[in-house]
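Visitor: Contents of query_18.csv (CSV, C-alpha atoms):
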chain,number,residue,atom,x,y,z
A,1,MET,CA,0.0,0.0,0.0
A,2,ALA,CA,2.8,2.4,0.9
A,3,SER,CA,4.5,1.6,-2.4
A,4,THR,CA,1.3,2.3,-4.3
A,5,GLY,CA,1.0,5.7,-2.6
A,6,LYS,CA,4.6,6.5,-3.5
A,7,ASP,CA,3.9,5.5,-7.1
A,8,ARG,CA,0.9,7.8,-7.3
A,9,LEU,CA,2.9,10.7,-5.9
A,10,LEU,CA,5.6,10.0,-8.4
A,11,THR,CA,3.1,9.9,-11.2
A,12,VAL,CA,1.5,13.2,-10.1
A,13,ALA,CA,5.0,14.8,-9.9
A,14,VAL,CA,5.9,13.6,-13.3
A,15,ALA,CA,2.7,14.9,-14.8
A,16,TRP,CA,3.2,18.3,-13.1
A,17,LEU,CA,6.7,18.6,-14.4
A,18,ALA,CA,5.4,17.7,-17.9
A,19,LEU,CA,2.8,20.4,-17.6
A,20,LEU,CA,5.3,23.0,-16.5
A,21,SER,CA,7.6,21.9,-19.4
A,22,THR,CA,4.8,22.4,-21.8
A,23,CYS,CA,3.9,25.8,-20.5
A,24,GLU,CA,7.6,26.9,-20.6
A,25,ALA,CA,7.9,25.6,-24.1
A,26,ASN,CA,4.8,27.6,-25.2
A,27,THR,CA,6.1,30.7,-23.5
A,28,ASN,CA,9.5,30.3,-25.0
A,29,SER,CA,8.1,29.7,-28.5
A,30,THR,CA,6.1,33.0,-28.2
A,31,SER,CA,9.1,34.8,-27.0
A,32,ASP,CA,11.3,33.3,-29.7
A,33,ALA,CA,8.8,34.5,-32.4
A,34,GLU,CA,9.0,38.0,-30.9
A,35,ALA,CA,12.7,38.0,-30.7
A,36,GLU,CA,13.1,36.6,-34.3
A,37,SER,CA,10.8,39.3,-35.6
A,38,LEU,CA,12.7,42.1,-33.8
A,39,ARG,CA,16.1,40.7,-35.0
A,40,GLU,CA,14.7,40.6,-38.6
A,41,TRP,CA,13.6,44.2,-38.2
A,42,ARG,CA,17.0,45.1,-36.9
A,43,THR,CA,18.5,43.7,-40.1
A,44,LEU,CA,16.1,45.7,-42.3
A,45,LEU,CA,16.9,48.9,-40.4
A,46,LYS,CA,20.6,48.3,-41.3
A,47,ASN,CA,23.1,50.8,-39.9
A,48,GLN,CA,20.7,53.3,-38.3
A,49,SER,CA,21.7,54.6,-34.9
A,50,ILE,CA,19.0,52.7,-33.0
A,51,VAL,CA,20.4,49.4,-34.4
A,52,GLN,CA,23.8,50.2,-32.9
A,53,SER,CA,22.3,49.9,-29.4
A,54,TRP,CA,20.6,46.5,-30.1
A,55,GLY,CA,23.2,43.9,-29.3
A,56,ASN,CA,23.1,40.1,-29.5
A,57,TRP,CA,21.7,39.8,-26.0
A,58,SER,CA,18.0,39.3,-25.0
A,59,VAL,CA,15.7,41.7,-26.9
A,60,CYS,CA,14.0,42.5,-23.6
A,61,ARG,CA,17.2,44.4,-22.8
A,62,TRP,CA,17.1,46.4,-26.1
A,63,HIS,CA,16.5,50.1,-25.9
A,64,GLY,CA,12.8,50.9,-26.3
A,65,ILE,CA,11.7,47.3,-25.8
A,66,THR,CA,9.9,46.3,-22.5
A,67,CYS,CA,8.9,42.7,-21.6
A,68,ASN,CA,6.8,41.3,-18.8
A,69,GLU,CA,7.9,38.7,-16.3
A,70,LYS,CA,7.3,35.9,-18.8
A,71,GLY,CA,9.6,37.5,-21.3
A,72,GLU,CA,6.8,38.6,-23.6
A,73,VAL,CA,7.1,42.0,-25.4
A,74,THR,CA,4.5,44.4,-24.0
A,75,ASP,CA,5.9,47.8,-25.0
A,76,ILE,CA,7.7,49.1,-28.0
A,77,ASN,CA,8.6,52.7,-27.4
A,78,LEU,CA,10.9,54.1,-30.1
A,79,ALA,CA,9.6,57.7,-30.3
A,80,GLU,CA,12.1,60.4,-31.6
A,81,GLU,CA,14.8,57.9,-32.6
A,82,GLY,CA,15.1,59.2,-36.2
A,83,ILE,CA,14.2,55.8,-37.6
A,84,GLN,CA,13.7,55.4,-41.4
A,85,GLY,CA,11.8,52.5,-42.8
A,86,LYS,CA,8.3,51.1,-43.4
A,87,LEU,CA,5.8,49.9,-40.8
A,88,ASP,CA,5.2,46.6,-42.6
A,89,ASP,CA,8.9,45.7,-42.1
A,90,LEU,CA,7.8,44.7,-38.6
A,91,ASP,CA,5.8,41.5,-38.3
A,92,PHE,CA,3.0,42.6,-36.1
A,93,SER,CA,1.5,39.1,-35.9
A,94,SER,CA,4.5,38.1,-33.7
A,95,PHE,CA,3.4,40.4,-30.8
A,96,PRO,CA,0.2,39.0,-29.3
A,97,HIS,CA,0.9,40.6,-25.9
A,98,LEU,CA,1.8,44.1,-27.1
A,99,LEU,CA,0.1,46.8,-25.1
A,100,LYS,CA,1.9,49.9,-26.3
A,101,LEU,CA,3.4,50.9,-29.6
A,102,ASP,CA,4.9,54.4,-29.9
A,103,LEU,CA,6.8,55.1,-33.1
A,104,SER,CA,6.0,58.8,-33.2
A,105,HIS,CA,8.4,61.5,-34.5
A,106,ASN,CA,10.4,59.3,-36.8
A,107,GLU,CA,10.7,59.0,-40.6
A,108,PHE,CA,8.5,56.0,-41.3
A,109,SER,CA,7.0,56.1,-44.8
A,110,GLY,CA,4.6,54.0,-46.8
A,111,ILE,CA,1.2,52.8,-45.7
A,112,ILE,CA,-0.2,51.7,-42.4
A,113,PRO,CA,-0.3,47.9,-43.0
A,114,SER,CA,-3.6,46.1,-42.3
A,115,SER,CA,-1.5,43.6,-40.2
A,116,ILE,CA,-1.5,46.2,-37.4
A,117,GLY,CA,-5.0,45.1,-36.6
A,118,MET,CA,-3.5,41.8,-35.3
A,119,LEU,CA,-2.2,43.5,-32.2
A,120,SER,CA,-5.4,42.5,-30.4
A,121,LYS,CA,-4.3,43.6,-26.9
A,122,LEU,CA,-3.0,47.0,-27.9
A,123,GLN,CA,-4.1,49.9,-25.7
A,124,TYR,CA,-1.8,52.7,-27.0
A,125,LEU,CA,-0.9,53.4,-30.6
A,126,ASP,CA,1.0,56.5,-31.5
A,127,ILE,CA,2.5,56.7,-35.0
A,128,SER,CA,2.2,60.5,-35.4
A,129,SER,CA,4.7,62.8,-37.0
A,130,ASN,CA,6.0,60.5,-39.7
A,131,PHE,CA,5.6,60.4,-43.5
A,132,LEU,CA,2.9,57.8,-43.7
A,133,THR,CA,0.5,57.8,-46.7
A,134,GLY,CA,-2.5,55.9,-47.9
A,135,LEU,CA,-5.8,55.1,-46.2
A,136,LEU,CA,-6.5,54.2,-42.6
A,137,PRO,CA,-6.9,50.4,-42.6
A,138,LEU,CA,-10.2,49.1,-41.5
A,139,SER,CA,-8.3,46.4,-39.5
A,140,LEU,CA,-7.9,49.1,-36.9
A,141,ALA,CA,-11.4,48.2,-35.9
A,142,ASN,CA,-10.0,44.9,-34.5
A,143,LEU,CA,-8.2,46.9,-31.8
A,144,THR,CA,-11.1,46.7,-29.4
A,145,GLN,CA,-8.9,47.4,-26.3
A,146,LEU,CA,-7.3,50.5,-27.8
A,147,LEU,CA,-7.5,53.5,-25.6
A,148,VAL,CA,-5.3,56.0,-27.5
A,149,LEU,CA,-5.0,56.4,-31.3
A,150,ASN,CA,-2.7,59.2,-32.6
A,151,ILE,CA,-1.9,59.3,-36.3
A,152,SER,CA,-1.5,63.1,-36.5
A,153,GLN,CA,1.0,64.8,-38.9
A,154,ASN,CA,1.0,62.2,-41.6
A,155,GLU,CA,-0.2,62.3,-45.2
A,156,ILE,CA,-3.1,59.9,-44.5
A,157,THR,CA,-5.9,60.3,-47.1
A,158,GLY,CA,-9.4,59.1,-47.6
A,159,LYS,CA,-12.4,59.2,-45.2
A,160,LEU,CA,-13.2,57.8,-41.8
A,161,ASN,CA,-14.9,54.5,-42.4
A,162,PRO,CA,-18.1,54.3,-40.3
A,163,SER,CA,-17.1,50.7,-39.5
A,164,LEU,CA,-14.1,51.9,-37.5
A,165,PHE,CA,-16.5,52.6,-34.7
A,166,PRO,CA,-18.9,50.3,-32.9
A,167,ASP,CA,-22.3,49.6,-34.4
A,168,GLY,CA,-24.2,50.5,-31.3
A,169,THR,CA,-25.5,47.1,-30.4
A,170,GLU,CA,-24.8,45.7,-26.9
A,171,ILE,CA,-23.1,42.6,-28.3
A,172,THR,CA,-20.8,44.4,-30.6
A,173,LYS,CA,-17.2,42.9,-30.7
A,174,PHE,CA,-15.9,45.0,-33.5
A,175,GLY,CA,-14.8,48.6,-33.7
A,176,LEU,CA,-12.9,51.0,-31.5
A,177,ILE,CA,-15.1,50.1,-28.5
A,178,SER,CA,-12.7,51.3,-25.8
A,179,ILE,CA,-11.2,54.3,-27.5
A,180,GLN,CA,-10.7,57.4,-25.3
A,181,ASN,CA,-8.4,59.6,-27.2
A,182,LEU,CA,-8.8,59.9,-31.0
A,183,VAL,CA,-6.2,62.3,-32.4
A,184,LEU,CA,-6.1,62.8,-36.2
A,185,GLN,CA,-4.6,66.3,-36.5
A,186,ASP,CA,-2.7,67.6,-39.5
A,187,THR,CA,-3.6,64.9,-42.0
A,188,SER,CA,-5.2,64.9,-45.5
A,189,LEU,CA,-8.3,63.0,-44.3
A,190,THR,CA,-11.6,64.3,-45.8
A,191,GLY,CA,-15.3,63.6,-45.7
A,192,PRO,CA,-17.7,63.8,-42.8
A,193,ILE,CA,-17.5,62.6,-39.2
A,194,PRO,CA,-19.3,59.2,-39.3
A,195,ILE,CA,-22.6,59.1,-37.3
A,196,SER,CA,-21.2,55.9,-35.7
A,197,ILE,CA,-18.7,57.8,-33.7
A,198,GLY,CA,-21.5,58.4,-31.3
A,199,ASN,CA,-21.3,54.7,-30.4
A,200,ALA,CA,-17.7,55.1,-29.1
A,201,LYS,CA,-19.0,56.2,-25.7
A,202,GLN,CA,-15.7,56.0,-23.8
A,203,LEU,CA,-14.3,58.9,-25.9
A,204,VAL,CA,-12.8,61.7,-23.8
A,205,GLN,CA,-10.9,63.6,-26.6
A,206,ILE,CA,-11.6,64.1,-30.3
A,207,ALA,CA,-9.0,66.1,-32.1
A,208,LEU,CA,-9.4,66.4,-35.9
A,209,ASP,CA,-7.7,69.8,-36.4
A,210,ARG,CA,-6.1,71.1,-39.6
A,211,SER,CA,-7.3,68.5,-42.0
A,212,TYR,CA,-9.9,68.4,-44.8
A,213,PHE,CA,-13.0,67.1,-43.1
A,214,THR,CA,-16.3,68.3,-44.5
A,215,GLY,CA,-20.0,68.0,-43.9
A,216,GLN,CA,-22.2,68.6,-40.9
A,217,LEU,CA,-21.4,67.7,-37.3
A,218,PRO,CA,-23.5,64.7,-36.4
A,219,GLN,CA,-26.1,64.9,-33.7
A,220,SER,CA,-24.7,61.6,-32.4
A,221,LEU,CA,-21.8,63.6,-30.8
A,222,GLY,CA,-24.3,64.3,-28.0
A,223,ASN,CA,-24.0,60.6,-27.0
A,224,LEU,CA,-20.4,61.0,-25.9
A,225,THR,CA,-21.2,62.1,-22.4
A,226,LYS,CA,-17.6,61.5,-21.2
A,227,LEU,CA,-16.2,63.9,-23.8
A,228,SER,CA,-13.9,66.6,-22.4
A,229,SER,CA,-12.3,68.0,-25.5
A,230,LEU,CA,-13.7,68.4,-29.0
A,231,THR,CA,-11.3,70.3,-31.3
A,232,LEU,CA,-12.1,70.6,-35.0
A,233,ILE,CA,-10.0,73.6,-36.0
A,234,GLU,CA,-9.3,74.5,-39.6
A,235,ASN,CA,-11.4,72.1,-41.6
A,236,LYS,CA,-14.4,72.6,-43.9
A,237,PHE,CA,-17.2,71.6,-41.7
A,238,SER,CA,-20.5,73.3,-42.6
A,239,GLY,CA,-24.1,73.6,-41.4
A,240,VAL,CA,-25.1,74.2,-37.8
A,241,ILE,CA,-23.8,73.2,-34.4
A,242,PRO,CA,-26.0,70.3,-33.3
A,243,SER,CA,-28.0,71.1,-30.2
A,244,SER,CA,-27.1,67.7,-28.8
A,245,ILE,CA,-23.7,69.1,-27.9
A,246,GLY,CA,-25.5,70.8,-25.0
A,247,LYS,CA,-25.7,67.3,-23.4
A,248,LEU,CA,-21.9,67.1,-22.9
A,249,ARG,CA,-21.8,68.3,-19.3
A,250,ASN,CA,-18.1,67.2,-19.1
A,251,LEU,CA,-17.0,69.2,-22.1
A,252,ALA,CA,-14.2,71.6,-21.2
A,253,HIS,CA,-12.8,72.6,-24.6
A,254,LEU,CA,-14.9,73.2,-27.7
A,255,HIS,CA,-12.8,74.6,-30.6
A,256,LEU,CA,-14.6,75.1,-33.9
A,257,TYR,CA,-12.8,78.1,-35.4
A,258,ASN,CA,-11.8,78.4,-39.0
A,259,ASN,CA,-14.6,76.3,-40.6
A,260,GLN,CA,-17.7,77.1,-42.6
A,261,LEU,CA,-20.2,76.6,-39.9
A,262,SER,CA,-23.3,78.7,-40.1
A,263,GLY,CA,-26.7,79.5,-38.5
A,264,SER,CA,-27.4,80.3,-34.9
A,265,VAL,CA,-25.4,78.9,-32.1
A,266,PRO,CA,-27.8,76.7,-30.1
A,267,ASN,CA,-28.7,78.1,-26.7
A,268,GLU,CA,-28.0,74.6,-25.3
A,269,LEU,CA,-24.3,75.5,-25.3
A,270,GLY,CA,-25.2,77.4,-22.1
A,271,ASN,CA,-25.7,74.0,-20.5
A,272,LEU,CA,-22.0,73.3,-20.7
A,273,SER,CA,-21.1,74.0,-17.1
A,274,SER,CA,-17.6,72.6,-17.4
A,275,LEU,CA,-16.6,74.8,-20.3
A,276,ILE,CA,-13.2,76.4,-20.1
A,277,THR,CA,-12.4,77.4,-23.7
A,278,LEU,CA,-14.9,78.1,-26.4
A,279,HIS,CA,-13.7,79.1,-29.9
A,280,LEU,CA,-16.3,79.9,-32.6
A,281,ALA,CA,-14.2,82.5,-34.6
A,282,ASN,CA,-13.9,82.6,-38.4
A,283,ASN,CA,-17.1,80.9,-39.3
A,284,ASN,CA,-20.4,82.1,-40.8
A,285,PHE,CA,-22.5,82.2,-37.6
A,286,SER,CA,-25.4,84.6,-37.2
A,287,GLY,CA,-28.1,85.4,-34.7
A,288,HIS,CA,-27.5,86.0,-31.0
A,289,LEU,CA,-24.8,84.6,-28.8
A,290,PRO,CA,-26.1,82.0,-26.3
A,291,PRO,CA,-27.2,83.9,-23.1
A,292,GLN,CA,-25.7,81.5,-20.6
A,293,LEU,CA,-22.2,81.2,-21.9
A,294,CYS,CA,-20.5,81.4,-18.5
A,295,HIS,CA,-23.2,79.3,-16.8
A,296,GLY,CA,-20.6,77.2,-14.8
A,297,GLY,CA,-18.3,80.1,-14.1
A,298,LYS,CA,-15.3,78.2,-15.4
A,299,LEU,CA,-14.9,80.0,-18.8
A,300,VAL,CA,-11.4,81.2,-19.3
A,301,ASN,CA,-11.0,81.9,-23.1
A,302,PHE,CA,-13.8,82.8,-25.5
A,303,SER,CA,-13.6,83.9,-29.1
A,304,ALA,CA,-16.4,84.5,-31.6
A,305,SER,CA,-14.7,87.0,-33.9
A,306,ASN,CA,-15.3,87.3,-37.7
A,307,ASN,CA,-18.9,86.1,-37.8
A,308,SER,CA,-22.2,87.9,-38.1
A,309,PHE,CA,-23.5,87.8,-34.5
A,310,ILE,CA,-26.0,90.5,-33.6
A,311,GLY,CA,-27.6,91.8,-30.4
A,312,PRO,CA,-26.0,92.4,-27.0
A,313,ILE,CA,-23.1,90.6,-25.4
A,314,PRO,CA,-24.5,88.0,-23.1
A,315,GLU,CA,-25.1,89.2,-19.5
A,316,SER,CA,-23.6,86.0,-18.2
A,317,LEU,CA,-20.2,87.3,-19.1
A,318,LYS,CA,-20.7,90.1,-16.4
A,319,ASP,CA,-20.0,87.6,-13.7
A,320,CYS,CA,-17.4,85.3,-15.1
A,321,PRO,CA,-14.6,85.2,-12.5
A,322,ASN,CA,-12.1,83.1,-14.4
A,323,LEU,CA,-12.4,84.9,-17.8
A,324,ILE,CA,-9.0,85.9,-19.1
A,325,ARG,CA,-9.4,86.5,-22.8
A,326,VAL,CA,-12.3,87.6,-25.0
A,327,ARG,CA,-12.3,88.2,-28.8
A,328,LEU,CA,-15.6,89.4,-30.4
A,329,GLU,CA,-14.3,91.7,-33.1
A,330,TYR,CA,-15.8,91.9,-36.6
A,331,ASN,CA,-19.4,91.2,-35.7
A,332,GLN,CA,-22.6,93.3,-35.5
A,333,LEU,CA,-23.0,93.3,-31.7
A,334,ASP,CA,-24.7,96.3,-30.2
A,335,GLY,CA,-25.4,97.7,-26.7
A,336,TYR,CA,-23.4,99.8,-24.2
A,337,LEU,CA,-19.8,98.9,-23.3
A,338,ASP,CA,-20.1,100.1,-19.7
A,339,GLN,CA,-22.8,97.5,-19.2
A,340,VAL,CA,-20.9,94.6,-20.8
A,341,PHE,CA,-18.5,93.3,-18.2
A,342,GLY,CA,-18.9,93.3,-14.5
A,343,VAL,CA,-17.0,91.0,-12.1
A,344,CYS,CA,-14.2,89.6,-14.3
A,345,PRO,CA,-11.1,90.2,-12.1
A,346,SER,CA,-8.8,88.0,-14.3
A,347,LEU,CA,-9.7,89.6,-17.6
A,348,ASN,CA,-6.5,90.8,-19.3
A,349,TYR,CA,-7.3,90.9,-23.0
A,350,ILE,CA,-10.5,92.0,-24.8
A,351,ASP,CA,-11.2,92.9,-28.4
A,352,LEU,CA,-14.6,94.3,-29.2
A,353,SER,CA,-13.7,96.3,-32.3
A,354,TYR,CA,-15.7,96.6,-35.5
A,355,ASN,CA,-19.1,96.1,-33.8
A,356,ARG,CA,-21.9,98.5,-33.1
A,357,LEU,CA,-21.2,99.0,-29.4
A,358,GLN,CA,-21.4,102.4,-27.8
A,359,GLY,CA,-19.7,104.1,-24.9
A,360,GLU,CA,-16.5,103.0,-23.1
A,361,LEU,CA,-15.6,100.0,-21.0
A,362,SER,CA,-15.7,100.6,-17.2
A,363,SER,CA,-12.3,100.7,-15.5
A,364,ARG,CA,-13.8,98.8,-12.6
Let me see whether you can do it: turn the structure in this file into structure tokens.
Guide:
Amino acid sequence: MASTGKDRLLTVAVAWLALLSTCEANTNSTSDAEAESLREWRTLLKNQSIVQSWGNWSVCRWHGITCNEKGEVTDINLAEEGIQGKLDDLDFSSFPHLLKLDLSHNEFSGIIPSSIGMLSKLQYLDISSNFLTGLLPLSLANLTQLLVLNISQNEITGKLNPSLFPDGTEITKFGLISIQNLVLQDTSLTGPIPISIGNAKQLVQIALDRSYFTGQLPQSLGNLTKLSSLTLIENKFSGVIPSSIGKLRNLAHLHLYNNQLSGSVPNELGNLSSLITLHLANNNFSGHLPPQLCHGGKLVNFSASNNSFIGPIPESLKDCPNLIRVRLEYNQLDGYLDQVFGVCPSLNYIDLSYNRLQGELSSR
């Protein structure tokens, strides 16, 4: 009986060792694939400066490469290294555990390969400030855990495919479901903002500045209740500001200047109690300014110059304690200057020229 017990213990021990061996083999095979891919990339990069620091030791010790305790590559951070090459020289399929990829401020050229969508665990992707061209691959929609996407300052063309964003159903497993920061500034992207962007409800920042976007702003933006910053500077957006934006109680920064927006600014903007900066300048707006612009008392910087606003300056600006800068020049505003601003102790710049205002500003 004792011998049988020992035999069973020996059998269990052997089985446990076999299982550990299998796990180690699997881990090593994954790590080997990652290492092989990085070494192949090193060969393609040839004699660039970053390669000089990548010796024949473990890739986990290479500059810009971070591994977890299992030896799996989780972070590739090679920003501002002056690297020249193409993104598809790196075999993205070899990095199933990658959480962060930062190749910004380099000299990568060519397209964004569709294989980048194989980085299924990726949370942070920054390939801004390169020389990338072509379209945004639809495979980006496979990155359902992605929190930050920054492709700014590249020559990316085409339109934002509506399928990049979730379809709005509760069971959706496709699209940028987790995205919080969407930064596509200084590109050649065109076309409208897809209605489906309103289904990416974790969004905190949308920055589409200095590109070629067109069309009307979708009402679905009002679904993004976590949104803190919406900057659409220097595009070709037209039509009216959707009243649904008034639902964005967390919105602190709304920058719409240098577009072709028109019509009246909705009074619902007065509901934005968290608003710090509001820029409406250089559009084709008309009608009255919203009466409750400083409803939350947090407004710091406000511009609405070079439009066709009429009527008085909103009385809410009389008690706006954090207001520092106001630009309302080149409109058709009227009223008396000595009644415009009251308790604004921080105000240090104001331009009300080229309006129909009378009198002088109070020195108090």
Visitor: What's around A:Leu361 at 8 Å? Count all atoms listed in the file, leave out sequence neighbours fewer than 2 positions away in its own chain, and write the answer as a PyMOL selection string.
Guide: chain A and resi 337-341+359+363
Visitor: Contacts of stretch 136-144 of chain A at 7 Å or less, counting all atoms listed in the file, minus same-chain residues fewer than 2 places along, as a VMD selection string?
Guide: chain A and resid 112 114 117 119 to 120 122 134 146 156 164 to 165 174 to 178
Visitor: Go ahead and compute the interatomic distance for atom CA of A:Tyr349 and atom CA of A:Leu256, in Å to one decimal.
Guide: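 Taking atom CA of A:Tyr349 and atom CA of A:Leu256, their separation equals 20.5 Å.
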Visitor: Here's a test: counting only C-alpha atoms, identify every protein, DNA and RNA residue with an atom at most 8 Å from (-19.1, 58.5, -27.1) in the file's coordinate frame, and state them as a list in words.
Guide: Ile197, Gly198, Asn199, Ala200, Lys201, Gln202, Leu203, Val204, Leu221, Gly222, Asn223, Leu224, Thr225, Lys226 and Leu227 of chain A
Visitor: Suppose you want the space between atom CA of A:Ser244 and atom CA of A:Leu317; what is it in Å?
Guide: 22.9 Å
Visitor: Atom CA of A:Leu184 and atom CA of A:His97 are how many Å apart?
Guide: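 Computing the Euclidean distance for atom CA of A:Leu184 and atom CA of A:His97 yields 25.5 Å.
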Visitor: I'd like the contact shell of A:Ser128 - 10 Å cut-off, only C-alpha atoms, skipping same-chain residues fewer than 3 positions apart - returned as a ChimeraX atom specification.
Guide: /A:79,102-106,108,125,131-132,149-154,183-187
Visitor: With distances taken over only C-alpha atoms, which residue among A:Ile195, A:Ala35, A:Lys236, A:Asn282 lies nearest A:Leu160?
Guide: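 Closest to A:Leu160 of all the choices is A:Ile195.
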Visitor: Have a look at A:Gln260, A:Ile350, A:Ser229, A:Leu189 and name the one nearest to A:Leu217; count all atoms listed in the file.
Guide: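 When distances to A:Leu217 are compared using all atoms listed in the file, the smallest one comes from A:Gln260.
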Visitor: Using all atoms listed in the file, which residue out of A:Ser58, A:Thr66, A:Ser115, A:Asn283 lies closest to A:Ile241?
Guide: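 Answer, going by the shortest atom-to-atom distance: A:Asn283.
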Visitor: Closest to A:Leu323 among A:Phe213, A:Phe285, A:Phe302, A:Phe95, using all atoms listed in the file?
Guide: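 Between A:Phe213, A:Phe285, A:Phe302, A:Phe95, the residue approaching A:Leu323 most closely is A:Phe302.
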Visitor: Using all atoms listed in the file, which protein or nucleic acid residues come within 10 Å of A:Glu40? Drop anything in the same chain fewer than 5 positions from it, and give the result as a PyMOL selection string.
Guide: chain A and resi 34-35+45+89-91
Visitor: So, with only C-alpha atoms as the atoms that count, which of A:Arg39, A:Lys100, A:Lys173, A:His279 lies closest to A:His253?
Guide: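 Going through A:Arg39, A:Lys100, A:Lys173, A:His279 one by one, the smallest distance to A:His253 is for A:His279.
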Visitor: May I have the residues within 12 Å of A:Trp41 as an mmCIF file with C-alpha atoms, in the coordinates of the input, using only C-alpha atoms and disregarding those fewer than 4 positions away in the same chain?
Guide:
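Output (out14.cif):
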data_model
loop_
_atom_site.group_PDB
_atom_site.id
_atom_site.type_symbol
_atom_site.label_atom_id
_atom_site.label_comp_id
_atom_site.auth_asym_id
_atom_site.auth_seq_id
_atom_site.Cartn_x
_atom_site.Cartn_y
_atom_site.Cartn_z
ATOM 1 C CA GLU A 34 9.000 38.000 -30.900
ATOM 2 C CA ALA A 35 12.700 38.000 -30.700
ATOM 3 C CA GLU A 36 13.100 36.600 -34.300
ATOM 4 C CA SER A 37 10.800 39.300 -35.600
ATOM 5 C CA LEU A 45 16.900 48.900 -40.400
ATOM 6 C CA LYS A 46 20.600 48.300 -41.300
ATOM 7 C CA ASN A 47 23.100 50.800 -39.900
ATOM 8 C CA GLN A 48 20.700 53.300 -38.300
ATOM 9 C CA ILE A 50 19.000 52.700 -33.000
ATOM 10 C CA VAL A 51 20.400 49.400 -34.400
ATOM 11 C CA TRP A 54 20.600 46.500 -30.100
ATOM 12 C CA VAL A 59 15.700 41.700 -26.900
ATOM 13 C CA ILE A 83 14.200 55.800 -37.600
ATOM 14 C CA GLN A 84 13.700 55.400 -41.400
ATOM 15 C CA GLY A 85 11.800 52.500 -42.800
ATOM 16 C CA LYS A 86 8.300 51.100 -43.400
ATOM 17 C CA LEU A 87 5.800 49.900 -40.800
ATOM 18 C CA ASP A 88 5.200 46.600 -42.600
ATOM 19 C CA ASP A 89 8.900 45.700 -42.100
ATOM 20 C CA LEU A 90 7.800 44.700 -38.600
ATOM 21 C CA ASP A 91 5.800 41.500 -38.300
ATOM 22 C CA PHE A 92 3.000 42.600 -36.100
ATOM 23 C CA SER A 94 4.500 38.100 -33.700
#
Visitor: Show me a table, sorted first by chain and then by increasing residue number, of the residues of stretch 150-250 of chain A having an atom at most 9 Å from stretch 266-271 of chain A, each with its shortest atom pair and the distance in Å to one decimal, counting all atoms listed in the file and written as a Markdown table.
Guide:
| residue | atom | partner | partner_atom | distance |
| --- | --- | --- | --- | --- |
| A:Val240 | CA | A:Pro266 | CA | 8.5 |
| A:Ile241 | CA | A:Pro266 | CA | 6.8 |
| A:Pro242 | CA | A:Pro266 | CA | 7.4 |
| A:Ser243 | CA | A:Pro266 | CA | 5.6 |
| A:Ser244 | CA | A:Glu268 | CA | 7.8 |
| A:Ile245 | CA | A:Leu269 | CA | 6.9 |
| A:Gly246 | CA | A:Glu268 | CA | 4.6 |
| A:Lys247 | CA | A:Asn271 | CA | 7.3 |
| A:Leu248 | CA | A:Asn271 | CA | 8.2 |
| A:Arg249 | CA | A:Asn271 | CA | 7.0 |
Visitor: Here's a test: counting all atoms listed in the file, identify every protein, DNA and RNA residue with an atom at most 6 Å from (-16.6, 87.6, -10.6) in the file's coordinate frame, and state them as a PyMOL selection string.
Guide: chain A and resi 319-321+343-344
Visitor: For A:Ser31, which residue among A:Asp75, A:Tyr124, A:Pro96, A:Gln292 is the nearest when counting only C-alpha atoms?
Guide: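 Checking each of A:Asp75, A:Tyr124, A:Pro96, A:Gln292 against A:Ser31, counting only C-alpha atoms, the winner is A:Pro96.
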